[in-house]
Structure formats: structure tokens, C-alpha cells
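S.K.: Structure below; questions to follow.
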Amino acid sequence: MMWAVAVPVLLLFGAGMAQWVTLLRVVVVVAVVAVATIVVGGVWHRAGAATLVAVAGFGLTL
């Protein structure tokens, strides 16, 4: 449950931060998407869900 709440909140934080600091936004978004994808794909062994997390994560920040 914590992942379901933390990932979108952190991605929205990174997207909102783009107005001021672009480099920090990129670091935050890439780190959050990478960690979420690694957890879902590597630890939980769900390749399809990991792909969906990566695509949706980058899409949410746009």
C-alpha cells in the first residue's frame, strides 16, 4: 500500500518542481521510476507490471 501512494506523490512532486529546477526534477523522476521499476520487476518478478510502471511514471510527469 505504501508503494501505491508514495510513487505517484513523488512523481507529481518531481513534475511540479520542473518550474524551478529542471535538473533536480530529472533526477527525482528518474530515481523514482527506476526504484519502482526495480522493485516491481526485480523483487516481485512482474515484468509486464514493471513496464507499465515505467511508462506510466514518465507519462504522469509530462
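Identifiers in the C-alpha cells: chain A, B, ... in order shown; residue index from 1 per chain; ligand index from 1 in order shown.
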Identify, on the basis of only C-alpha atoms, every residue whose closest approach to segment 9-22 of chain A does not exceed 10 Å; exclude the query and any residue fewer than 4 positions from it along the same chain; express the result as an MDAnalysis selection string.
M.R.: chainID A and resid 3:5 26:33 57:62
S.K.: Can I get the selection written as a compact mmCIF listing (two decimals), in the first residue's frame, with N, CA, C and O atoms?
M.R.:
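Once written, result34.txt looks like this:
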# COMPACT_ATOMS: atom_id res chain seq x y z
N TRP A 3 3.75 1.72 -1.45
CA TRP A 3 4.25 1.99 -2.80
C TRP A 3 3.18 2.64 -3.66
O TRP A 3 3.47 3.51 -4.48
N ALA A 4 1.94 2.22 -3.51
CA ALA A 4 0.86 2.75 -4.33
C ALA A 4 0.62 4.23 -4.05
O ALA A 4 0.15 4.95 -4.92
N VAL A 5 0.95 4.68 -2.87
CA VAL A 5 0.76 6.09 -2.52
C VAL A 5 2.04 6.89 -2.76
O VAL A 5 2.00 8.00 -3.28
N VAL A 26 14.60 16.09 -13.06
CA VAL A 26 15.01 14.91 -13.82
C VAL A 26 15.58 13.85 -12.90
O VAL A 26 15.26 12.66 -13.02
N VAL A 27 16.39 14.25 -11.96
CA VAL A 27 16.99 13.29 -11.01
C VAL A 27 15.91 12.62 -10.17
O VAL A 27 15.91 11.41 -9.99
N VAL A 28 14.96 13.41 -9.66
CA VAL A 28 13.89 12.85 -8.82
C VAL A 28 13.02 11.89 -9.61
O VAL A 28 12.74 10.76 -9.18
N VAL A 29 12.60 12.29 -10.81
CA VAL A 29 11.71 11.45 -11.61
C VAL A 29 12.40 10.17 -12.03
O VAL A 29 11.84 9.08 -11.91
N VAL A 30 13.62 10.26 -12.52
CA VAL A 30 14.33 9.05 -12.97
C VAL A 30 14.61 8.12 -11.79
O VAL A 30 14.48 6.90 -11.90
N ALA A 31 14.95 8.68 -10.64
CA ALA A 31 15.20 7.83 -9.46
C ALA A 31 13.94 7.12 -9.00
O ALA A 31 13.97 5.93 -8.69
N VAL A 32 12.82 7.84 -8.95
CA VAL A 32 11.57 7.22 -8.51
C VAL A 32 11.12 6.14 -9.48
O VAL A 32 10.74 5.04 -9.07
N VAL A 33 11.20 6.43 -10.78
CA VAL A 33 10.79 5.44 -11.77
C VAL A 33 11.73 4.23 -11.73
O VAL A 33 11.27 3.09 -11.82
N GLY A 57 4.87 6.13 -15.17
CA GLY A 57 5.64 7.09 -14.37
C GLY A 57 6.15 8.26 -15.18
O GLY A 57 6.01 9.42 -14.79
N PHE A 58 6.71 7.97 -16.35
CA PHE A 58 7.17 9.05 -17.21
C PHE A 58 6.00 9.81 -17.80
O PHE A 58 6.06 11.02 -17.98
N GLY A 59 4.92 9.13 -18.09
CA GLY A 59 3.73 9.79 -18.63
C GLY A 59 3.09 10.72 -17.62
O GLY A 59 2.58 11.80 -17.96
N LEU A 60 3.10 10.33 -16.36
CA LEU A 60 2.49 11.16 -15.31
C LEU A 60 3.24 12.47 -15.14
O LEU A 60 2.64 13.50 -14.87
N THR A 61 4.54 12.44 -15.32
CA THR A 61 5.31 13.67 -15.14
C THR A 61 5.18 14.62 -16.32
O THR A 61 5.48 15.80 -16.19
N LEU A 62 4.74 14.11 -17.46
CA LEU A 62 4.54 15.01 -18.60
C LEU A 62 3.30 15.85 -18.38
O LEU A 62 3.16 16.94 -18.79
S.K.: Using Å and a single decimal, report how far atom CA of Leu24 of chain A sits from atom CA of Val40 of chain A.
M.R.: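 Atom CA of Val40 of chain A sits 24.2 Å away from atom CA of Leu24 of chain A.
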S.K.: Going by DSSP on the backbone, which bits of segment 12-60 of chain A are alpha helix (DSSP H)? Write them as a ChimeraX atom specification, please.
M.R.: /A:12-16,22-38,47-60
